[in-house]
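Undergrad: What follows is run_27.csv, made up of CSV, C-alpha atoms:
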chain,number,residue,atom,x,y,z
A,57,MET,CA,-16.3,-24.5,-7.4
A,58,PHE,CA,-14.8,-21.1,-6.5
A,59,SER,CA,-12.6,-22.6,-3.8
A,60,GLN,CA,-11.2,-25.2,-6.3
A,61,LEU,CA,-10.4,-22.5,-8.9
A,62,LYS,CA,-8.7,-20.4,-6.2
A,63,SER,CA,-6.7,-23.3,-5.0
A,64,ARG,CA,-5.5,-24.1,-8.6
A,65,PHE,CA,-4.7,-20.4,-9.2
A,66,ASP,CA,-2.7,-20.3,-5.9
A,67,GLN,CA,-0.8,-23.4,-6.9
A,68,PHE,CA,0.0,-21.9,-10.3
A,69,GLU,CA,1.2,-18.7,-8.7
A,70,LYS,CA,3.5,-20.6,-6.4
A,71,LYS,CA,4.9,-22.6,-9.3
A,72,MET,CA,5.7,-19.4,-11.1
A,73,ARG,CA,7.3,-18.0,-7.9
A,74,ARG,CA,9.5,-21.1,-7.6
A,75,SER,CA,10.6,-20.7,-11.3
A,76,TYR,CA,12.7,-17.6,-10.4
A,77,GLY,CA,13.3,-17.9,-6.6
A,78,SER,CA,14.8,-14.8,-5.3
A,79,ASP,CA,17.3,-14.1,-8.0
A,80,ILE,CA,16.6,-12.4,-11.3
A,81,SER,CA,20.3,-12.1,-12.5
A,82,THR,CA,20.0,-14.9,-15.1
A,83,PRO,CA,18.1,-14.5,-18.3
A,84,ALA,CA,15.8,-17.5,-17.5
A,85,ALA,CA,15.0,-16.3,-14.0
A,86,ARG,CA,14.5,-12.7,-15.2
A,87,ARG,CA,12.1,-13.9,-17.9
A,88,ALA,CA,10.1,-16.0,-15.4
A,89,ALA,CA,10.0,-13.2,-12.9
A,90,PHE,CA,8.8,-10.7,-15.6
A,91,TRP,CA,5.8,-12.9,-16.5
A,92,HIS,CA,5.0,-13.4,-12.8
A,93,PHE,CA,5.1,-9.6,-12.4
A,94,GLN,CA,2.9,-9.0,-15.4
A,95,LEU,CA,0.3,-11.8,-14.9
A,96,MET,CA,0.2,-12.6,-11.2
A,97,ASP,CA,0.8,-9.1,-9.8
A,98,HIS,CA,-1.2,-7.5,-12.7
A,99,ALA,CA,1.6,-5.2,-13.7
A,100,PHE,CA,0.1,-5.0,-17.3
A,101,LEU,CA,-2.9,-3.2,-15.9
A,102,ARG,CA,-0.7,-0.6,-14.4
A,103,THR,CA,1.0,0.3,-17.6
A,104,PHE,CA,-1.2,3.3,-18.1
A,105,TRP,CA,-3.2,3.4,-14.8
A,106,THR,CA,-0.8,4.7,-12.2
A,107,ASN,CA,-3.1,6.1,-9.5
A,108,LEU,CA,-0.5,8.8,-9.1
A,109,ASP,CA,-1.4,11.9,-7.1
A,110,GLU,CA,0.5,14.5,-5.2
A,111,ILE,CA,-1.2,14.8,-1.8
A,112,ALA,CA,1.1,17.4,-0.4
A,113,PRO,CA,4.1,19.3,-1.7
A,114,GLY,CA,6.7,16.7,-2.6
A,115,VAL,CA,4.6,13.8,-1.3
A,116,TRP,CA,3.1,11.4,-3.8
A,117,ARG,CA,1.0,8.2,-3.8
A,118,SER,CA,0.7,5.6,-6.5
A,119,ASN,CA,0.2,2.0,-7.3
A,120,GLN,CA,3.2,-0.4,-7.7
A,121,PRO,CA,5.6,1.2,-10.2
A,122,ASP,CA,7.6,-0.8,-12.7
A,123,PRO,CA,11.2,0.0,-13.5
A,124,LYS,CA,10.3,2.4,-16.3
A,125,ARG,CA,7.9,4.3,-14.1
A,126,LEU,CA,10.5,4.5,-11.3
A,127,GLU,CA,12.8,6.1,-13.9
A,128,ARG,CA,10.1,8.7,-14.6
A,129,TYR,CA,9.7,9.3,-10.9
A,130,ARG,CA,13.5,9.9,-10.6
A,131,ASP,CA,13.3,12.4,-13.4
A,132,MET,CA,10.4,14.1,-11.6
A,133,GLY,CA,12.8,14.7,-8.7
A,134,ILE,CA,11.6,12.0,-6.4
A,135,LYS,CA,14.3,10.8,-4.0
A,136,THR,CA,12.7,8.2,-1.9
A,137,VAL,CA,10.3,5.3,-2.6
A,138,ILE,CA,8.2,3.9,0.3
A,139,SER,CA,6.8,0.5,-0.4
A,140,LEU,CA,3.8,-0.4,1.8
A,141,ARG,CA,4.0,-4.0,0.6
A,142,ALA,CA,5.8,-6.8,2.4
A,143,ASP,CA,9.3,-7.6,1.4
A,144,ASN,CA,8.6,-11.2,0.5
A,145,GLY,CA,11.0,-11.6,-2.4
A,146,ALA,CA,8.3,-11.7,-5.0
A,147,SER,CA,8.8,-10.4,-8.5
A,148,PRO,CA,7.6,-6.8,-8.0
A,149,ILE,CA,9.9,-6.4,-5.0
A,150,LEU,CA,12.9,-7.8,-6.8
A,151,PHE,CA,12.4,-5.5,-9.8
A,152,GLU,CA,11.8,-2.5,-7.6
A,153,GLN,CA,14.9,-3.2,-5.5
A,154,GLU,CA,17.0,-3.5,-8.6
A,155,ALA,CA,15.6,-0.4,-10.3
A,156,CYS,CA,15.9,1.8,-7.2
A,157,ARG,CA,19.5,0.7,-6.7
A,158,ASP,CA,20.4,1.4,-10.4
A,159,LEU,CA,18.5,4.8,-10.4
A,160,GLY,CA,20.0,6.0,-7.1
A,161,LEU,CA,16.6,6.0,-5.3
A,162,THR,CA,16.2,5.2,-1.6
A,163,LEU,CA,13.8,2.3,-1.2
A,164,ILE,CA,12.2,1.9,2.2
A,165,THR,CA,9.8,-0.9,3.1
A,166,ALA,CA,7.0,-0.1,5.7
A,167,PRO,CA,4.4,-2.9,5.2
A,168,LEU,CA,0.7,-2.4,5.9
A,169,GLN,CA,-2.3,-4.6,5.1
A,170,ALA,CA,-5.4,-3.9,3.1
A,171,ARG,CA,-7.9,-6.2,4.7
A,172,LYS,CA,-6.5,-6.6,8.2
A,173,LEU,CA,-5.1,-4.2,10.8
A,174,VAL,CA,-1.5,-4.1,11.7
A,175,PRO,CA,-0.2,-3.7,15.3
A,176,ALA,CA,0.1,-0.2,16.7
A,177,ASP,CA,3.9,-0.3,16.5
A,178,ASP,CA,3.7,-0.7,12.7
A,179,LEU,CA,1.5,2.4,12.3
A,180,LEU,CA,3.7,4.4,14.6
A,181,ALA,CA,6.7,3.3,12.5
A,182,VAL,CA,5.1,4.8,9.4
A,183,LEU,CA,4.4,8.0,11.3
A,184,ASP,CA,8.0,8.1,12.5
A,185,LEU,CA,9.2,7.5,8.9
A,186,PHE,CA,7.1,10.5,7.7
A,187,GLU,CA,9.0,12.7,10.1
A,188,THR,CA,12.4,11.9,8.7
A,189,VAL,CA,12.1,10.6,5.1
A,190,GLU,CA,13.9,12.6,2.4
A,191,ARG,CA,11.5,14.4,0.1
A,192,PRO,CA,10.2,14.4,-2.5
A,193,PHE,CA,9.0,10.8,-2.0
A,194,VAL,CA,6.3,8.5,-3.3
A,195,MET,CA,4.5,5.8,-1.3
A,196,HIS,CA,2.8,2.9,-2.9
A,197,CYS,CA,1.1,-0.4,-2.4
A,198,LYS,CA,-0.1,-2.8,-5.1
A,199,SER,CA,-3.1,-0.8,-6.5
A,200,GLY,CA,-2.5,2.5,-4.7
A,201,SER,CA,-6.1,2.3,-3.4
A,202,ASP,CA,-6.1,1.0,0.2
A,203,ARG,CA,-2.8,0.8,2.0
A,204,ALA,CA,-1.5,3.9,0.1
A,205,GLY,CA,-4.8,5.6,1.0
A,206,LEU,CA,-4.5,4.9,4.7
A,207,ALA,CA,-0.8,6.0,4.8
A,208,SER,CA,-1.8,9.2,2.9
A,209,ALA,CA,-4.5,9.9,5.4
A,210,LEU,CA,-2.1,9.4,8.3
A,211,TYR,CA,0.4,11.7,6.6
A,212,LEU,CA,-2.1,14.5,6.2
A,213,LEU,CA,-3.2,14.1,9.8
A,214,HIS,CA,0.2,13.8,11.4
A,215,VAL,CA,2.5,15.9,9.3
A,216,GLU,CA,0.2,18.4,7.6
A,217,GLY,CA,-2.2,18.8,10.5
A,218,LYS,CA,-5.2,18.5,8.1
A,219,PRO,CA,-8.7,18.0,9.4
A,220,LEU,CA,-10.0,14.4,9.5
A,221,ALA,CA,-12.6,15.2,6.8
A,222,GLU,CA,-9.8,16.0,4.4
A,223,ALA,CA,-7.7,13.0,5.4
A,224,ARG,CA,-10.7,10.7,4.7
A,225,LYS,CA,-10.6,11.7,1.0
A,226,MET,CA,-7.5,9.6,0.7
A,227,LEU,CA,-9.7,6.6,1.1
A,228,SER,CA,-12.2,7.2,-1.6
A,229,TRP,CA,-13.7,6.1,-5.0
A,230,ARG,CA,-11.2,8.5,-6.7
A,231,TYR,CA,-8.4,6.0,-5.9
A,232,ILE,CA,-10.6,2.9,-6.4
A,233,HIS,CA,-11.0,2.3,-2.7
A,234,LEU,CA,-14.2,0.5,-1.7
A,235,ARG,CA,-15.4,1.3,1.8
A,236,ASN,CA,-18.2,-1.3,1.6
A,237,SER,CA,-15.7,-4.2,1.2
A,238,PRO,CA,-13.2,-5.9,3.5
A,239,THR,CA,-10.8,-3.0,2.8
A,240,GLY,CA,-13.3,-0.8,4.7
A,241,ILE,CA,-11.5,-1.9,7.8
A,242,LEU,CA,-9.1,0.9,7.0
A,243,ASP,CA,-11.9,3.5,7.1
A,244,HIS,CA,-12.9,2.0,10.5
A,245,ILE,CA,-9.6,3.2,12.0
A,246,LEU,CA,-10.5,6.7,11.1
A,247,ASP,CA,-14.1,6.2,12.3
A,248,ALA,CA,-12.8,5.0,15.7
A,249,TYR,CA,-10.3,7.8,16.0
A,250,GLU,CA,-13.1,10.4,15.3
A,251,ALA,CA,-15.5,8.9,17.8
A,252,ASP,CA,-12.9,8.4,20.5
A,253,THR,CA,-11.6,12.0,20.3
A,254,ALA,CA,-14.9,13.8,19.7
A,255,VAL,CA,-15.0,15.1,23.2
A,256,GLN,CA,-11.3,15.3,24.0
A,257,PRO,CA,-9.2,15.9,20.8
A,258,MET,CA,-5.9,14.0,20.5
A,259,PRO,CA,-3.3,13.9,17.8
A,260,ILE,CA,-3.4,10.8,15.7
A,261,LYS,CA,0.0,9.6,16.9
A,262,ASP,CA,-0.9,9.8,20.5
A,263,TRP,CA,-4.2,8.0,19.8
A,264,ILE,CA,-2.5,5.2,18.1
A,265,ALA,CA,0.1,4.9,20.8
A,266,THR,CA,-2.5,4.9,23.7
A,267,ARG,CA,-6.0,4.0,22.4
A,268,TYR,CA,-5.7,2.0,19.2
A,269,ASP,CA,-6.7,-1.6,19.8
A,270,LYS,CA,-6.2,-3.8,16.8
A,271,ASP,CA,-8.2,-6.8,18.0
A,272,ALA,CA,-11.1,-4.7,19.3
A,273,LEU,CA,-11.4,-2.7,16.0
A,274,GLU,CA,-11.3,-5.9,13.9
A,275,ALA,CA,-14.1,-7.4,16.0
A,276,GLU,CA,-16.2,-4.3,15.7
A,277,PHE,CA,-15.7,-4.2,12.0
A,278,ARG,CA,-16.8,-7.9,11.7
A,279,GLN,CA,-19.9,-7.1,13.6
A,280,LEU,CA,-20.7,-4.1,11.4
A,281,ARG,CA,-20.2,-6.2,8.3
A,282,ALA,CA,-22.5,-8.9,9.6
A,283,LYS,CA,-25.2,-6.4,10.4
A,284,ASN,CA,-25.0,-4.9,6.9
Translate this file's structure into C-alpha coordinates.

TA:
Amino acid sequence: MFSQLKSRFDQFEKKMRRSYGSDISTPAARRAAFWHFQLMDHAFLRTFWTNLDEIAPGVWRSNQPDPKRLERYRDMGIKTVISLRADNGASPILFEQEACRDLGLTLITAPLQARKLVPADDLLAVLDLFETVERPFVMHCKSGSDRAGLASALYLLHVEGKPLAEARKMLSWRYIHLRNSPTGILDHILDAYEADTAVQPMPIKDWIATRYDKDALEAEFRQLRAKN
(Lines of atoms letter the chains of each structure in order from A and count residues from 1; the text may use other names and numbers.)
(Lines give C-alpha, C1' and ligand atoms only; values in the text may rest on other atoms or scores of the structure.)
Protein backbone atom coordinates (compact mmCIF):
# COMPACT_ATOMS: atom_id res chain seq x y z
CA MET A 1 0.00 0.00 0.00
CA PHE A 2 2.73 2.48 1.02
CA SER A 3 4.86 1.62 -2.01
CA GLN A 4 1.88 2.23 -4.31
CA LEU A 5 1.21 5.63 -2.74
CA LYS A 6 4.87 6.56 -3.00
CA SER A 7 4.94 5.50 -6.64
CA ARG A 8 1.92 7.66 -7.43
CA PHE A 9 3.39 10.59 -5.56
CA ASP A 10 6.67 10.24 -7.48
CA GLN A 11 4.79 10.14 -10.77
CA PHE A 12 2.85 13.26 -9.82
CA GLU A 13 6.05 15.06 -8.82
CA LYS A 14 7.68 14.17 -12.15
CA LYS A 15 4.63 15.40 -14.01
CA MET A 16 4.86 18.73 -12.21
CA ARG A 17 8.58 18.90 -13.00
CA ARG A 18 7.91 18.35 -16.68
CA SER A 19 5.34 21.16 -16.68
CA TYR A 20 8.06 23.80 -16.34
CA GLY A 21 11.20 22.02 -17.51
CA SER A 22 14.27 24.11 -16.76
CA ASP A 23 12.92 27.51 -17.77
CA ILE A 24 10.79 29.80 -15.59
CA SER A 25 10.85 32.81 -17.91
CA THR A 26 7.27 32.41 -19.17
CA PRO A 27 4.23 33.08 -16.96
CA ALA A 28 2.90 29.51 -17.38
CA ALA A 29 6.22 27.86 -16.56
CA ARG A 30 6.80 30.22 -13.63
CA ARG A 31 3.38 29.42 -12.21
CA ALA A 32 3.95 25.68 -12.55
CA ALA A 33 7.39 25.94 -10.95
CA PHE A 34 5.96 28.03 -8.11
CA TRP A 35 3.44 25.35 -7.20
CA HIS A 36 6.07 22.63 -7.49
CA PHE A 37 8.29 24.64 -5.13
CA GLN A 38 5.47 25.18 -2.65
CA LEU A 39 3.95 21.69 -2.64
CA MET A 40 6.65 19.22 -3.68
CA ASP A 41 9.59 20.96 -2.03
CA HIS A 42 7.45 22.07 0.96
CA ALA A 43 8.38 25.75 0.61
CA PHE A 44 5.12 26.74 2.31
CA LEU A 45 6.37 25.11 5.52
CA ARG A 46 9.47 27.29 5.42
CA THR A 47 7.62 30.59 5.23
CA PHE A 48 8.02 31.17 8.96
CA TRP A 49 10.34 28.27 9.91
CA THR A 50 13.80 29.23 8.64
CA ASN A 51 16.13 27.13 10.82
CA LEU A 52 18.43 30.15 10.60
CA ASP A 53 21.35 30.33 13.00
CA GLU A 54 24.71 32.09 13.07
CA ILE A 55 27.22 29.38 14.00
CA ALA A 56 30.29 31.64 13.85
CA PRO A 57 30.85 35.33 13.08
CA GLY A 58 29.54 35.90 9.56
CA VAL A 59 28.66 32.23 9.05
CA TRP A 60 25.01 31.20 8.93
CA ARG A 61 23.03 28.03 8.31
CA SER A 62 19.40 27.72 7.27
CA ASN A 63 16.86 25.71 5.33
CA GLN A 64 16.10 26.39 1.66
CA PRO A 65 15.38 30.12 1.29
CA ASP A 66 12.83 31.50 -1.13
CA PRO A 67 13.52 34.69 -3.11
CA LYS A 68 12.00 36.96 -0.44
CA ARG A 69 14.20 35.46 2.25
CA LEU A 70 17.26 35.74 0.03
CA GLU A 71 16.51 39.45 -0.21
CA ARG A 72 16.43 39.62 3.60
CA TYR A 73 19.74 37.76 3.71
CA ARG A 74 21.21 40.30 1.30
CA ASP A 75 19.96 43.10 3.53
CA MET A 76 21.64 41.38 6.51
CA GLY A 77 24.94 41.75 4.69
CA ILE A 78 25.29 38.21 3.42
CA LYS A 79 27.44 38.03 0.29
CA THR A 80 27.50 34.33 -0.57
CA VAL A 81 24.96 31.51 -0.59
CA ILE A 82 26.23 27.93 -0.46
CA SER A 83 23.65 25.38 -1.55
CA LEU A 84 24.32 21.87 -0.28
CA ARG A 85 21.63 20.53 -2.62
CA ALA A 86 22.23 19.05 -6.06
CA ASP A 87 21.95 21.40 -9.01
CA ASN A 88 19.24 19.30 -10.67
CA GLY A 89 17.24 22.06 -12.31
CA ALA A 90 14.27 21.65 -9.96
CA SER A 91 12.10 24.60 -8.95
CA PRO A 92 13.97 25.61 -5.75
CA ILE A 93 17.24 25.71 -7.67
CA LEU A 94 15.77 27.75 -10.53
CA PHE A 95 14.23 30.33 -8.21
CA GLU A 96 17.39 30.52 -6.13
CA GLN A 97 19.63 31.02 -9.16
CA GLU A 98 17.37 33.78 -10.47
CA ALA A 99 17.09 35.54 -7.10
CA CYS A 100 20.83 35.42 -6.36
CA ARG A 101 21.59 36.81 -9.80
CA ASP A 102 19.09 39.66 -9.37
CA LEU A 103 20.26 40.44 -5.82
CA GLY A 104 23.97 40.35 -6.57
CA LEU A 105 24.58 37.33 -4.33
CA THR A 106 27.19 34.72 -5.21
CA LEU A 107 25.61 31.27 -5.37
CA ILE A 108 27.87 28.23 -4.98
CA THR A 109 26.69 24.63 -5.19
CA ALA A 110 28.49 22.04 -3.05
CA PRO A 111 26.12 19.05 -2.90
CA LEU A 112 26.04 16.62 0.02
CA GLN A 113 23.54 13.89 0.89
CA ALA A 114 21.44 13.41 4.01
CA ARG A 115 21.01 9.63 4.07
CA LYS A 116 24.13 8.51 2.24
CA LEU A 117 27.78 9.39 2.40
CA VAL A 118 29.55 11.26 -0.37
CA PRO A 119 33.09 10.51 -1.57
CA ALA A 120 36.01 12.00 0.31
CA ASP A 121 36.71 14.42 -2.54
CA ASP A 122 33.26 16.00 -2.09
CA LEU A 123 33.86 16.59 1.63
CA LEU A 124 37.32 17.98 0.93
CA ALA A 125 35.82 20.32 -1.66
CA VAL A 126 33.51 21.70 1.03
CA LEU A 127 36.46 22.26 3.39
CA ASP A 128 38.43 23.96 0.62
CA LEU A 129 35.43 26.17 -0.10
CA PHE A 130 35.25 27.24 3.54
CA GLU A 131 38.84 28.49 3.29
CA THR A 132 38.14 30.83 0.41
CA VAL A 133 34.44 31.75 0.39
CA GLU A 134 33.53 35.40 0.78
CA ARG A 135 31.87 36.17 4.10
CA PRO A 136 29.30 36.72 5.44
CA PHE A 137 27.77 33.59 3.93
CA VAL A 138 24.85 31.27 4.53
CA MET A 139 24.85 27.55 3.79
CA HIS A 140 21.65 25.60 3.39
CA CYS A 141 20.09 22.32 2.37
CA LYS A 142 16.35 21.61 2.11
CA SER A 143 15.40 21.56 5.79
CA GLY A 144 18.59 22.96 7.31
CA SER A 145 18.74 19.92 9.56
CA ASP A 146 21.09 17.30 8.15
CA ARG A 147 23.40 18.36 5.32
CA ALA A 148 23.60 21.88 6.75
CA GLY A 149 24.32 20.31 10.14
CA LEU A 150 27.21 18.21 8.85
CA ALA A 151 28.66 21.13 6.90
CA SER A 152 28.38 23.35 9.99
CA ALA A 153 30.16 20.76 12.11
CA LEU A 154 32.94 20.50 9.55
CA TYR A 155 33.25 24.29 9.46
CA LEU A 156 33.63 24.52 13.23
CA LEU A 157 36.22 21.74 13.26
CA HIS A 158 38.23 22.87 10.24
CA VAL A 159 38.06 26.67 10.28
CA GLU A 160 37.23 27.58 13.87
CA GLY A 161 39.25 24.79 15.49
CA LYS A 162 36.39 23.97 17.84
CA PRO A 163 36.35 20.72 19.85
CA LEU A 164 34.36 17.82 18.49
CA ALA A 165 31.84 18.05 21.32
CA GLU A 166 30.88 21.54 20.18
CA ALA A 167 30.81 20.58 16.51
CA ARG A 168 28.44 17.71 17.28
CA LYS A 169 25.82 20.23 18.45
CA MET A 170 25.32 21.16 14.80
CA LEU A 171 23.61 17.78 14.36
CA SER A 172 20.97 17.95 17.05
CA TRP A 173 17.28 18.17 17.88
CA ARG A 174 17.60 21.95 17.92
CA TYR A 175 17.79 21.88 14.13
CA ILE A 176 15.32 18.95 13.76
CA HIS A 177 18.12 16.47 13.08
CA LEU A 178 17.21 12.91 14.10
CA ARG A 179 20.23 10.79 14.95
CA ASN A 180 18.12 7.63 15.33
CA SER A 181 17.05 7.70 11.69
CA PRO A 182 18.80 7.11 8.36
CA THR A 183 20.25 10.63 8.64
CA GLY A 184 22.23 9.38 11.63
CA ILE A 185 24.83 8.26 9.12
CA LEU A 186 26.11 11.84 9.25
CA ASP A 187 26.68 11.50 13.01
CA HIS A 188 28.52 8.27 12.23
CA ILE A 189 31.17 10.25 10.36
CA LEU A 190 31.94 12.22 13.51
CA ASP A 191 31.79 9.04 15.62
CA ALA A 192 34.34 7.37 13.35
CA TYR A 193 36.58 10.43 13.37
CA GLU A 194 36.51 10.55 17.17
CA ALA A 195 37.28 6.85 17.58
CA ASP A 196 40.00 6.80 14.94
CA THR A 197 41.86 9.81 16.36
CA ALA A 198 41.43 9.12 20.07
CA VAL A 199 45.04 7.99 20.49
CA GLN A 200 46.66 10.03 17.73
CA PRO A 201 44.79 13.30 17.12
CA MET A 202 44.50 14.41 13.51
CA PRO A 203 42.84 17.44 11.87
CA ILE A 204 39.51 16.61 10.26
CA LYS A 205 40.78 17.49 6.78
CA ASP A 206 43.74 15.14 7.08
CA TRP A 207 41.49 12.38 8.41
CA ILE A 208 39.05 12.73 5.52
CA ALA A 209 41.91 12.75 3.01
CA THR A 210 43.66 9.67 4.42
CA ARG A 211 41.30 7.63 6.62
CA TYR A 212 37.70 8.33 5.58
CA ASP A 213 36.23 5.24 3.89
CA LYS A 214 32.75 5.88 2.52
CA ASP A 215 31.85 2.25 1.83
CA ALA A 216 33.18 0.94 5.15
CA LEU A 217 31.34 3.62 7.13
CA GLU A 218 28.07 2.92 5.33
CA ALA A 219 28.44 -0.81 6.03
CA GLU A 220 29.17 -0.14 9.71
CA PHE A 221 26.15 2.12 9.98
CA ARG A 222 23.86 -0.50 8.41
CA GLN A 223 25.08 -3.06 10.94
CA LEU A 224 24.45 -0.67 13.83
CA ARG A 225 20.95 0.07 12.55
CA ALA A 226 20.22 -3.64 12.24
CA LYS A 227 21.33 -4.29 15.82
CA ASN A 228 19.17 -1.50 17.15

Undergrad: Can you list every residue of stretch 70-148 of chain A that has an atom at most 12 Å from stretch 188-193 of chain A, with its nearest atom pair and the distance in Å to one decimal, using all atoms listed in the file, ordered by chain then number, as a Markdown table?

TA:
| residue | atom | partner | partner_atom | distance |
| --- | --- | --- | --- | --- |
| A:Asp109 | CA | A:Phe193 | CA | 11.6 |
| A:Glu110 | CA | A:Phe193 | CA | 9.8 |
| A:Ile111 | CA | A:Phe193 | CA | 11.0 |
| A:Ala112 | CA | A:Pro192 | CA | 9.8 |
| A:Pro113 | CA | A:Pro192 | CA | 7.9 |
| A:Gly114 | CA | A:Pro192 | CA | 4.2 |
| A:Val115 | CA | A:Phe193 | CA | 5.4 |
| A:Trp116 | CA | A:Phe193 | CA | 6.2 |
| A:Arg117 | CA | A:Phe193 | CA | 8.6 |
| A:Ser118 | CA | A:Phe193 | CA | 10.8 |
| A:Leu126 | CA | A:Phe193 | CA | 11.3 |
| A:Tyr129 | CA | A:Phe193 | CA | 9.1 |
| A:Arg130 | CA | A:Phe193 | CA | 9.7 |
| A:Asp131 | CA | A:Pro192 | CA | 11.5 |
| A:Met132 | CA | A:Pro192 | CA | 9.1 |
| A:Gly133 | CA | A:Pro192 | CA | 6.7 |
| A:Ile134 | CA | A:Pro192 | CA | 4.8 |
| A:Lys135 | CA | A:Pro192 | CA | 5.7 |
| A:Thr136 | CA | A:Phe193 | CA | 4.5 |
| A:Val137 | CA | A:Phe193 | CA | 5.7 |
| A:Ile138 | CA | A:Phe193 | CA | 7.3 |
| A:Ser139 | CA | A:Phe193 | CA | 10.7 |

Undergrad: Could you check which residues have any atom within 12 Å of (-3.1, -4.8, -15.5), counting only C-alpha atoms with coordinates taken straight from the file, and then list them as an mmCIF file with C-alpha atoms, in the coordinates of the input?

TA:
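Output below, filename point-v1.cif:
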data_model
loop_
_atom_site.group_PDB
_atom_site.id
_atom_site.type_symbol
_atom_site.label_atom_id
_atom_site.label_comp_id
_atom_site.auth_asym_id
_atom_site.auth_seq_id
_atom_site.Cartn_x
_atom_site.Cartn_y
_atom_site.Cartn_z
ATOM 1 C CA PHE A 93 5.100 -9.600 -12.400
ATOM 2 C CA GLN A 94 2.900 -9.000 -15.400
ATOM 3 C CA LEU A 95 0.300 -11.800 -14.900
ATOM 4 C CA MET A 96 0.200 -12.600 -11.200
ATOM 5 C CA ASP A 97 0.800 -9.100 -9.800
ATOM 6 C CA HIS A 98 -1.200 -7.500 -12.700
ATOM 7 C CA ALA A 99 1.600 -5.200 -13.700
ATOM 8 C CA PHE A 100 0.100 -5.000 -17.300
ATOM 9 C CA LEU A 101 -2.900 -3.200 -15.900
ATOM 10 C CA ARG A 102 -0.700 -0.600 -14.400
ATOM 11 C CA THR A 103 1.000 0.300 -17.600
ATOM 12 C CA PHE A 104 -1.200 3.300 -18.100
ATOM 13 C CA TRP A 105 -3.200 3.400 -14.800
ATOM 14 C CA THR A 106 -0.800 4.700 -12.200
ATOM 15 C CA ASN A 119 0.200 2.000 -7.300
ATOM 16 C CA GLN A 120 3.200 -0.400 -7.700
ATOM 17 C CA PRO A 121 5.600 1.200 -10.200
ATOM 18 C CA ASP A 122 7.600 -0.800 -12.700
ATOM 19 C CA LYS A 198 -0.100 -2.800 -5.100
ATOM 20 C CA SER A 199 -3.100 -0.800 -6.500
#

Undergrad: Of the candidates A:Ala207, A:Ser78, A:Ile232, A:Trp91, which one gets nearest to A:Asn144 if we count only C-alpha atoms?

TA: A:Ser78

Undergrad: Counting all atoms listed in the file, figure out which residue out of A:His196, A:Arg125, A:His244, A:Lys225 gets nearest to A:Arg278.

TA: A:His244

Undergrad: Which residues are near stretch 251-257 of chain A? Cut-off 10 Å, all atoms listed in the file, ignore same chain within fewer than 5 positions. Put them as a PyMOL selection string.

TA: chain A and resi 246+263+267-268

Undergrad: Store the residues of this selection in a file with C-alpha atoms, as an mmCIF file, in the coordinates of the input.

TA:
data_model
loop_
_atom_site.group_PDB
_atom_site.id
_atom_site.type_symbol
_atom_site.label_atom_id
_atom_site.label_comp_id
_atom_site.auth_asym_id
_atom_site.auth_seq_id
_atom_site.Cartn_x
_atom_site.Cartn_y
_atom_site.Cartn_z
ATOM 1 C CA LEU A 246 -10.500 6.700 11.100
ATOM 2 C CA TRP A 263 -4.200 8.000 19.800
ATOM 3 C CA ARG A 267 -6.000 4.000 22.400
ATOM 4 C CA TYR A 268 -5.700 2.000 19.200
#

Undergrad: Here is a test: counting all atoms listed in the file, which residue of A:Ala275, A:Leu213, A:Leu161, A:Ser228 is nearest to A:Pro259?

TA: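 Among the listed residues, A:Leu213 lies closest to A:Pro259.
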
Undergrad: Please identify all polymer residues within 8 Å of A:Leu206, counting only C-alpha atoms, omitting same-chain residues fewer than 3 positions from it, and present them as a list in words.

TA: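 So the residues in contact are Asp202, Arg203, Ala209, Leu210, Met226, Leu227, Leu242 and Asp243 of chain A.
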
Undergrad: What is the atom CA of A:Arg87 to atom CA of A:Phe151 distance in Å?

TA: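 Atom CA of A:Arg87 sits 11.7 Å away from atom CA of A:Phe151.
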
Undergrad: What's the 8 Å shell around A:Val215, counting all atoms listed in the file, without same-chain residues fewer than 3 positions away, as a list in words?

TA: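 Returned residues: Phe186, Glu187, Tyr211 and Leu212 of chain A.
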
Undergrad: Would you compute the distance between atom CA of A:Leu220 and atom CA of A:Ala272? Give it in Å to one decimal.

TA: 21.5 Å

Undergrad: Return the single residue from A:Leu108, A:Met195, A:Leu183, A:Ala248 that is closest to A:Tyr231, with distances computed using all atoms listed in the file.

TA: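 For A:Tyr231, the nearest of the given residues is A:Leu108.
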
Undergrad: Could you jot down the atom CA of A:Glu127 to atom CA of A:Ala223 separation for me, Å, one decimal place?

TA: 29.0 Å
